[in-house]
>>> print(open('target-v7.txt').read())   # compact mmCIF, C-alpha atoms
# COMPACT_ATOMS: atom_id res chain seq x y z
CA THR A 1 17.92 37.21 -0.97
CA ALA A 2 14.47 35.72 -1.44
CA ARG A 3 13.88 32.47 0.40
CA ASP A 4 13.18 29.40 -1.72
CA PRO A 5 9.93 27.97 -0.25
CA LYS A 6 10.53 24.50 -1.73
CA ARG A 7 13.98 24.35 -0.20
CA SER A 8 12.54 25.42 3.15
CA THR A 9 9.90 22.69 2.96
CA ARG A 10 12.51 20.03 2.20
CA ARG A 11 14.56 21.16 5.17
CA MET A 12 11.47 21.03 7.40
CA GLU A 13 10.52 17.52 6.28
CA GLY A 14 13.86 15.74 6.52
CA LYS A 15 13.39 12.61 8.59
CA ILE A 16 10.12 13.02 10.47
CA LYS A 17 9.61 11.03 13.66
CA LEU A 18 6.10 10.03 14.70
CA THR A 19 5.51 8.77 18.24
CA TYR A 20 2.30 6.92 19.11
CA PHE A 21 1.00 3.70 20.63
CA GLU A 22 1.23 0.34 18.83
CA ILE A 23 -2.35 0.67 17.56
CA PRO A 24 -3.94 2.58 14.68
CA GLY A 25 -5.96 5.08 16.76
CA ARG A 26 -5.20 8.77 16.32
CA GLY A 27 -1.75 8.07 14.93
CA GLU A 28 -2.95 6.19 11.86
CA PRO A 29 -4.19 9.17 9.80
CA ILE A 30 -0.71 10.67 10.17
CA ARG A 31 0.99 7.43 9.18
CA LEU A 32 -1.22 6.97 6.13
CA ALA A 33 -0.76 10.56 4.95
CA LEU A 34 3.01 10.16 5.09
CA TRP A 35 2.85 6.78 3.36
CA ILE A 36 0.57 8.05 0.59
CA GLY A 37 2.81 11.10 0.15
CA LYS A 38 5.90 8.86 0.14
CA LYS A 39 7.47 10.92 2.91
CA GLU A 40 10.25 9.26 4.85
CA PHE A 41 9.49 9.01 8.57
CA LYS A 42 10.34 6.99 11.64
CA ASP A 43 7.30 5.29 13.18
CA VAL A 44 7.95 4.90 16.91
CA HIS A 45 5.55 2.59 18.75
CA VAL A 46 5.12 3.27 22.47
CA GLN A 47 3.87 0.56 24.80
CA PHE A 48 1.12 1.64 27.20
CA SER A 49 3.38 0.71 30.10
CA GLU A 50 6.03 3.18 28.86
CA TRP A 51 3.74 6.15 28.41
CA SER A 52 3.92 7.57 31.95
CA LYS A 53 7.71 7.98 31.63
CA LEU A 54 7.50 9.51 28.17
CA LYS A 55 4.56 11.83 28.87
CA PRO A 56 6.57 14.73 30.40
CA ASN A 57 8.61 14.96 27.19
CA ALA A 58 5.60 15.15 24.88
CA PRO A 59 4.86 18.72 23.67
CA TRP A 60 1.37 18.80 25.21
CA GLY A 61 1.59 15.68 27.35
CA THR A 62 -0.37 13.68 24.78
CA LEU A 63 0.11 11.31 21.87
CA PRO A 64 0.59 11.37 18.94
CA PHE A 65 3.33 13.93 18.34
CA LEU A 66 5.76 14.68 15.53
CA GLU A 67 9.40 15.65 15.72
CA LEU A 68 10.91 17.32 12.66
CA ALA A 69 14.45 17.32 11.31
CA ASN A 70 14.85 20.98 12.29
CA GLY A 71 14.28 20.15 15.96
CA LYS A 72 10.74 21.51 16.08
CA SER A 73 7.77 19.46 17.24
CA ILE A 74 4.00 19.32 16.75
CA GLY A 75 1.91 17.80 19.49
CA GLN A 76 -1.83 17.75 18.77
CA THR A 77 -3.62 15.07 16.76
CA ARG A 78 -5.37 17.38 14.33
CA SER A 79 -2.42 19.70 13.74
CA CYS A 80 -0.12 16.71 13.19
CA THR A 81 -2.57 15.19 10.71
CA ARG A 82 -3.09 18.43 8.80
CA PHE A 83 0.67 18.97 8.68
CA ALA A 84 1.26 15.46 7.29
CA CYS A 85 -1.58 15.87 4.78
CA LYS A 86 -0.22 19.21 3.59
CA LEU A 87 3.20 17.65 3.04
CA ALA A 88 1.57 14.80 1.13
CA GLY A 89 -0.68 17.01 -1.01
CA LEU A 90 -3.81 15.64 0.64
CA TYR A 91 -5.08 18.90 2.12
CA PRO A 92 -6.96 21.04 -0.44
CA GLU A 93 -5.58 24.47 -1.32
CA ASP A 94 -9.10 25.76 -1.84
CA PRO A 95 -10.22 27.21 1.53
CA TYR A 96 -13.77 25.84 1.30
CA GLN A 97 -12.65 22.34 0.32
CA ALA A 98 -10.12 22.43 3.16
CA ALA A 99 -12.86 23.46 5.59
CA LEU A 100 -15.01 20.53 4.44
CA CYS A 101 -12.09 18.21 5.22
CA ASP A 102 -11.76 19.81 8.65
CA ASP A 103 -15.50 19.36 9.20
CA ILE A 104 -15.23 15.62 8.60
CA PHE A 105 -12.13 15.23 10.74
CA ASP A 106 -13.61 17.20 13.64
CA ILE A 107 -16.95 15.42 13.64
CA LEU A 108 -15.16 12.05 13.63
CA GLU A 109 -13.28 13.14 16.73
CA ASP A 110 -16.67 14.02 18.29
CA LEU A 111 -18.02 10.62 17.26
CA GLN A 112 -15.13 8.76 18.85
CA LYS A 113 -15.48 10.71 22.10
CA ILE A 114 -19.19 9.93 22.31
CA VAL A 115 -18.54 6.22 21.79
CA ASN A 116 -15.62 6.14 24.20
CA ASP A 117 -17.55 7.97 26.94
CA THR A 118 -20.68 5.86 26.58
CA GLY A 119 -20.97 3.24 29.28
CA LYS A 120 -18.25 4.56 31.56
CA GLY A 121 -18.82 3.41 35.12
CA MET A 122 -21.46 0.87 34.08
CA GLU A 123 -21.45 -2.86 34.59
CA LYS A 124 -20.21 -4.69 31.50
CA GLU A 125 -23.62 -5.87 30.28
CA ASP A 126 -25.13 -2.40 30.66
CA LYS A 127 -22.12 -0.83 28.97
CA LEU A 128 -22.40 -3.11 25.94
CA LYS A 129 -26.10 -2.32 25.65
CA ALA A 130 -25.49 1.43 25.92
CA ARG A 131 -22.71 1.31 23.33
CA LYS A 132 -24.89 -0.55 20.84
CA GLU A 133 -27.77 1.87 21.37
CA VAL A 134 -25.64 4.98 20.90
CA VAL A 135 -24.33 3.81 17.51
CA THR A 136 -27.61 2.39 16.21
CA SER A 137 -30.18 4.91 17.44
CA GLY A 138 -28.40 7.55 19.55
CA LYS A 139 -26.06 10.51 19.09
CA ALA A 140 -23.36 8.50 17.32
CA ALA A 141 -25.92 7.16 14.82
CA ASP A 142 -27.02 10.72 14.08
CA ILE A 143 -23.42 11.70 13.32
CA LEU A 144 -22.91 8.71 11.02
CA LYS A 145 -26.05 9.65 9.08
CA LYS A 146 -24.79 13.20 8.70
CA ILE A 147 -21.39 12.01 7.48
CA GLU A 148 -23.15 9.81 4.91
CA ALA A 149 -25.18 12.83 3.75
CA SER A 150 -22.07 15.01 3.60
CA ILE A 151 -20.31 12.49 1.37
CA SER A 152 -23.35 12.45 -0.92
CA GLU A 153 -23.33 16.23 -1.18
CA ASN A 154 -19.62 17.00 -1.32
CA GLY A 155 -17.88 13.85 -2.55
CA LYS A 156 -17.64 11.82 -5.72
CA ASP A 157 -16.56 8.34 -6.79
CA GLY A 158 -15.69 7.00 -3.36
CA HIS A 159 -14.26 10.24 -2.01
CA ALA A 160 -15.66 12.40 0.80
CA VAL A 161 -14.62 15.81 -0.57
CA GLY A 162 -14.23 16.22 -4.30
CA ASP A 163 -12.94 13.38 -6.47
CA LYS A 164 -9.42 12.88 -5.11
CA VAL A 165 -8.05 11.40 -1.89
CA THR A 166 -7.92 14.02 0.85
CA MET A 167 -7.52 14.19 4.61
CA ALA A 168 -11.29 13.61 4.90
CA ASP A 169 -11.01 10.20 3.23
CA ILE A 170 -8.09 9.16 5.43
CA ALA A 171 -9.97 10.25 8.55
CA ILE A 172 -13.09 8.30 7.55
CA PHE A 173 -11.00 5.21 6.83
CA CYS A 174 -9.13 5.39 10.14
CA TYR A 175 -11.89 6.47 12.53
CA GLY A 176 -14.52 4.35 10.82
CA THR A 177 -12.39 1.24 10.87
CA MET A 178 -11.33 1.89 14.46
CA LEU A 179 -15.01 2.08 15.40
CA VAL A 180 -15.85 -1.41 14.12
CA CYS A 181 -12.56 -3.29 14.56
CA GLY A 182 -13.36 -4.58 18.05
CA PHE A 183 -11.39 -1.96 19.96
CA PHE A 184 -14.62 -0.47 21.35
CA ASP A 185 -16.72 -3.07 23.20
CA GLY A 186 -20.34 -3.35 22.15
CA ILE A 187 -20.05 -1.92 18.63
CA PRO A 188 -21.45 -4.24 15.93
CA LYS A 189 -18.73 -5.12 13.43
CA ASP A 190 -21.19 -4.74 10.55
CA LEU A 191 -22.39 -1.32 11.75
CA LEU A 192 -21.04 0.60 8.75
CA ASN A 193 -22.79 -1.65 6.23
CA SER A 194 -25.74 0.69 6.72
CA TYR A 195 -23.63 3.55 5.32
CA PRO A 196 -22.62 2.57 1.77
CA LYS A 197 -21.01 5.89 0.84
CA LEU A 198 -18.92 5.92 4.01
CA ASN A 199 -17.85 2.35 3.31
CA ALA A 200 -17.01 3.28 -0.29
CA VAL A 201 -14.62 5.93 1.04
CA ARG A 202 -13.04 3.39 3.36
CA LYS A 203 -12.55 1.01 0.44
CA THR A 204 -11.01 3.78 -1.70
CA VAL A 205 -8.37 4.43 0.95
CA GLY A 206 -7.86 0.77 1.83
CA SER A 207 -7.28 -0.03 -1.85
CA HIS A 208 -4.69 2.72 -2.38
CA PRO A 209 -1.37 1.08 -3.41
CA GLN A 210 0.56 2.97 -0.74
CA VAL A 211 -1.94 1.97 1.95
CA ILE A 212 -1.69 -1.67 0.91
CA ALA A 213 2.10 -1.36 1.07
CA ARG A 214 1.84 0.28 4.49
CA TYR A 215 0.00 -2.68 6.00
CA GLU A 216 2.23 -5.22 4.27
CA ALA A 217 5.17 -3.49 5.97
CA GLU A 218 3.57 -3.41 9.44
CA LYS A 219 5.68 -5.48 11.82
CA SER A 220 3.24 -5.55 14.75
CA GLU A 221 1.39 -8.84 15.14
CA LYS A 222 -1.63 -7.31 16.89
CA PRO A 223 -4.86 -8.60 15.22
CA ILE A 224 -6.19 -5.06 14.84
CA TRP A 225 -3.84 -4.43 11.91
CA LYS A 226 -5.41 -7.26 9.93
CA VAL A 227 -8.79 -5.56 10.23
CA PHE A 228 -7.36 -2.36 8.75
CA SER A 229 -5.56 -4.19 5.95
CA SER A 230 -8.76 -6.06 5.01
CA VAL A 231 -10.81 -2.91 4.31
CA LYS A 232 -9.65 -3.05 0.69
CA ASP A 233 -11.82 -6.16 0.32
CA LEU A 234 -15.11 -4.47 1.30
>>> encode(input="target-v7.txt", output="structure tokens")
Amino acid sequence: TARDPKRSTRRMEGKIKLTYFEIPGRGEPIRLALWIGKKEFKDVHVQFSEWSKLKPNAPWGTLPFLELANGKSIGQTRSCTRFACKLAGLYPEDPYQAALCDDIFDILEDLQKIVNDTGKGMEKEDKLKARKEVVTSGKAADILKKIEASISENGKDGHAVGDKVTMADIAIFCYGTMLVCGFFDGIPKDLLNSYPKLNAVRKTVGSHPQVIARYEAEKSEKPIWKVFSSVKDL
């Protein structure tokens, strides 16, 4: 008997459980994909103080991770995000378009690592100076310029790849907003005003009805969520 792929997918989805910290970070692209796709899931927030006890049970000893209704799990940020985007119809079927989305997602991970690593071990004043330099004239600035150029070449109407919301748009919204929300010391909050196409993508995602609903439903009172919910007003 031939297997019904749609039935298999439904069984795999079921009630998905996402485990991550009580911040946007690397868990937010997954959350937004599932919200936009209207996929039911349980959003488990882990406190930083709890992580050491939970870590041995995580698939790869890292967060975020997904647990599926069939008992299987996925434990790497990018694989979790792609999985959620595929379920939500946000990952292009065309191989080249999909690769462009992967390009954006991967370079944003590189960008975040550069910013996070900059200033480690320095005194606070030196760290703040180094952070500002790296995003205004250093390696991080070079990446932001290339993302802006990529959107110009491959996107349309406030989208990074093609003319519909994809994983690339969600990644730009999440990583871009995380960059300027105050989480990383020393990063100017108006940094992305120099990148109008990148900001247009952020606004497209922030204005999506399901994204607006997602932030209206957020129970955490951490100020960082207000920054994310306000992107629609750019």
>>> residues_around(input="target-v7.txt", residues="A:Val46", least_positions_apart="5", cutoff="9 Å", atoms="only C-alpha atoms", output="compact mmCIF listing (two decimals) with C-alpha atoms, keeping the file's coordinate frame")
# COMPACT_ATOMS: atom_id res chain seq x y z
CA THR A 19 5.51 8.77 18.24
CA TYR A 20 2.30 6.92 19.11
CA PHE A 21 1.00 3.70 20.63
CA GLU A 22 1.23 0.34 18.83
CA TRP A 51 3.74 6.15 28.41
CA LEU A 54 7.50 9.51 28.17
>>> residues_near_point(input="target-v7.txt", point="(-18.9, 7.1, 27.0)", cutoff="12 Å", atoms="all atoms listed in the file", output="VMD selection string")
chain A and resid 110 to 122 126 to 135 139 to 140 184 to 186
>>> atom_distance(input="target-v7.txt", atom1="atom CA of A:Glu67", atom2="atom CA of A:Lys17")
5.1 Å
>>> residues_around(input="target-v7.txt", residues="stretch 208-210 of chain A", least_positions_apart="6", cutoff="9 Å", atoms="only C-alpha atoms", output="list in words")
Leu32, Trp35, Ile36, Gly37, Lys38 and Lys232 of chain A
>>> residues_near_point(input="target-v7.txt", point="(-12.7, 7.1, 0.9)", cutoff="8 Å", atoms="all atoms listed in the file", output="PyMOL selection string")
chain A and resi 158-160+165+168-170+172-173+198-205
>>> atom_distance(input="target-v7.txt", atom1="atom CA of A:Gly89", atom2="atom CA of A:Lys146")
26.3 Å
>>> closest_residue(input="target-v7.txt", among="A:Cys101, A:Leu90, A:Met167, A:Leu191", to="A:Leu179", atoms="all atoms listed in the file")
A:Leu191
>>> atom_distance(input="target-v7.txt", atom1="atom CA of A:Phe105", atom2="atom CA of A:Phe48")
25.1 Å
>>> closest_residue(input="target-v7.txt", among="A:Glu93, A:Asp103, A:Gln76, A:Val227", to="A:Cys174", atoms="all atoms listed in the file")
A:Val227
>>> residues_around(input="target-v7.txt", residues="A:Ser229", least_positions_apart="4", cutoff="8 Å", atoms="only C-alpha atoms", output="PyMOL selection string")
chain A and resi 206+212+215+225
>>> residues_around(input="target-v7.txt", residues="A:Pro223", least_positions_apart="5", cutoff="10 Å", atoms="only C-alpha atoms", output="number ranges by chain")
A: 23, 181-182, 228
>>> axis_aligned_box(input="target-v7.txt", around="stretch 215-226 of chain A", padding_each_side="3 Å", output="AutoDock Vina command-line options")
--center_x -0.3 --center_y -5.8 --center_z 10.6 --size_x 17.9 --size_y 12.2 --size_z 18.6
>>> closest_residue(input="target-v7.txt", among="A:Ile104, A:Val211, A:Leu18, A:Val231", to="A:Leu63", atoms="only C-alpha atoms")
A:Leu18
>>> closest_residue(input="target-v7.txt", among="A:His45, A:Lys55, A:Lys164, A:Arg214", to="A:Gly25", atoms="only C-alpha atoms")
A:His45
>>> build_atoms(input="target-v7.txt", residues="stretch 28-43 of chain A", atoms="N, CA, C and O atoms", output="PDB file, in the frame of the given file")
ATOM      1  N   GLU A  28      -2.876   6.799  13.187  1.00  0.00           N
ATOM      2  CA  GLU A  28      -2.950   6.190  11.860  1.00  0.00           C
ATOM      3  C   GLU A  28      -3.207   7.174  10.726  1.00  0.00           C
ATOM      4  O   GLU A  28      -2.626   7.013   9.635  1.00  0.00           O
ATOM      5  N   PRO A  29      -4.051   8.207  10.897  1.00  0.00           N
ATOM      6  CA  PRO A  29      -4.190   9.170   9.800  1.00  0.00           C
ATOM      7  C   PRO A  29      -2.867   9.832   9.426  1.00  0.00           C
ATOM      8  O   PRO A  29      -2.612  10.110   8.250  1.00  0.00           O
ATOM      9  N   ILE A  30      -2.016  10.064  10.421  1.00  0.00           N
ATOM     10  CA  ILE A  30      -0.710  10.670  10.170  1.00  0.00           C
ATOM     11  C   ILE A  30       0.169   9.689   9.397  1.00  0.00           C
ATOM     12  O   ILE A  30       0.800  10.044   8.390  1.00  0.00           O
ATOM     13  N   ARG A  31       0.202   8.456   9.863  1.00  0.00           N
ATOM     14  CA  ARG A  31       0.990   7.430   9.180  1.00  0.00           C
ATOM     15  C   ARG A  31       0.567   7.294   7.722  1.00  0.00           C
ATOM     16  O   ARG A  31       1.399   7.267   6.813  1.00  0.00           O
ATOM     17  N   LEU A  32      -0.742   7.194   7.492  1.00  0.00           N
ATOM     18  CA  LEU A  32      -1.220   6.970   6.130  1.00  0.00           C
ATOM     19  C   LEU A  32      -0.926   8.162   5.219  1.00  0.00           C
ATOM     20  O   LEU A  32      -0.571   7.983   4.050  1.00  0.00           O
ATOM     21  N   ALA A  33      -1.069   9.373   5.749  1.00  0.00           N
ATOM     22  CA  ALA A  33      -0.760  10.560   4.950  1.00  0.00           C
ATOM     23  C   ALA A  33       0.706  10.526   4.500  1.00  0.00           C
ATOM     24  O   ALA A  33       1.022  10.794   3.327  1.00  0.00           O
ATOM     25  N   LEU A  34       1.593  10.191   5.422  1.00  0.00           N
ATOM     26  CA  LEU A  34       3.010  10.160   5.090  1.00  0.00           C
ATOM     27  C   LEU A  34       3.337   9.014   4.132  1.00  0.00           C
ATOM     28  O   LEU A  34       4.182   9.158   3.237  1.00  0.00           O
ATOM     29  N   TRP A  35       2.666   7.897   4.298  1.00  0.00           N
ATOM     30  CA  TRP A  35       2.850   6.780   3.360  1.00  0.00           C
ATOM     31  C   TRP A  35       2.351   7.148   1.970  1.00  0.00           C
ATOM     32  O   TRP A  35       3.055   6.941   0.968  1.00  0.00           O
ATOM     33  N   ILE A  36       1.139   7.697   1.895  1.00  0.00           N
ATOM     34  CA  ILE A  36       0.570   8.050   0.590  1.00  0.00           C
ATOM     35  C   ILE A  36       1.437   9.114  -0.093  1.00  0.00           C
ATOM     36  O   ILE A  36       1.647   9.076  -1.307  1.00  0.00           O
ATOM     37  N   GLY A  37       1.948  10.056   0.695  1.00  0.00           N
ATOM     38  CA  GLY A  37       2.810  11.100   0.150  1.00  0.00           C
ATOM     39  C   GLY A  37       4.237  10.670  -0.069  1.00  0.00           C
ATOM     40  O   GLY A  37       5.066  11.444  -0.557  1.00  0.00           O
ATOM     41  N   LYS A  38       4.549   9.418   0.289  1.00  0.00           N
ATOM     42  CA  LYS A  38       5.900   8.860   0.140  1.00  0.00           C
ATOM     43  C   LYS A  38       6.936   9.719   0.854  1.00  0.00           C
ATOM     44  O   LYS A  38       8.011  10.005   0.327  1.00  0.00           O
ATOM     45  N   LYS A  39       6.572  10.130   2.077  1.00  0.00           N
ATOM     46  CA  LYS A  39       7.470  10.920   2.910  1.00  0.00           C
ATOM     47  C   LYS A  39       8.186  10.001   3.900  1.00  0.00           C
ATOM     48  O   LYS A  39       7.539   9.230   4.607  1.00  0.00           O
ATOM     49  N   GLU A  40       9.477  10.099   3.947  1.00  0.00           N
ATOM     50  CA  GLU A  40      10.250   9.260   4.850  1.00  0.00           C
ATOM     51  C   GLU A  40       9.978   9.671   6.297  1.00  0.00           C
ATOM     52  O   GLU A  40      10.019  10.850   6.635  1.00  0.00           O
ATOM     53  N   PHE A  41       9.694   8.697   7.151  1.00  0.00           N
ATOM     54  CA  PHE A  41       9.490   9.010   8.570  1.00  0.00           C
ATOM     55  C   PHE A  41       9.788   7.793   9.420  1.00  0.00           C
ATOM     56  O   PHE A  41       9.756   6.656   8.951  1.00  0.00           O
ATOM     57  N   LYS A  42      10.089   8.044  10.674  1.00  0.00           N
ATOM     58  CA  LYS A  42      10.340   6.990  11.640  1.00  0.00           C
ATOM     59  C   LYS A  42       9.086   6.811  12.473  1.00  0.00           C
ATOM     60  O   LYS A  42       8.602   7.756  13.099  1.00  0.00           O
ATOM     61  N   ASP A  43       8.560   5.601  12.486  1.00  0.00           N
ATOM     62  CA  ASP A  43       7.300   5.290  13.180  1.00  0.00           C
ATOM     63  C   ASP A  43       7.622   4.628  14.510  1.00  0.00           C
ATOM     64  O   ASP A  43       7.921   3.432  14.565  1.00  0.00           O
TER      65      ASP A  43
END
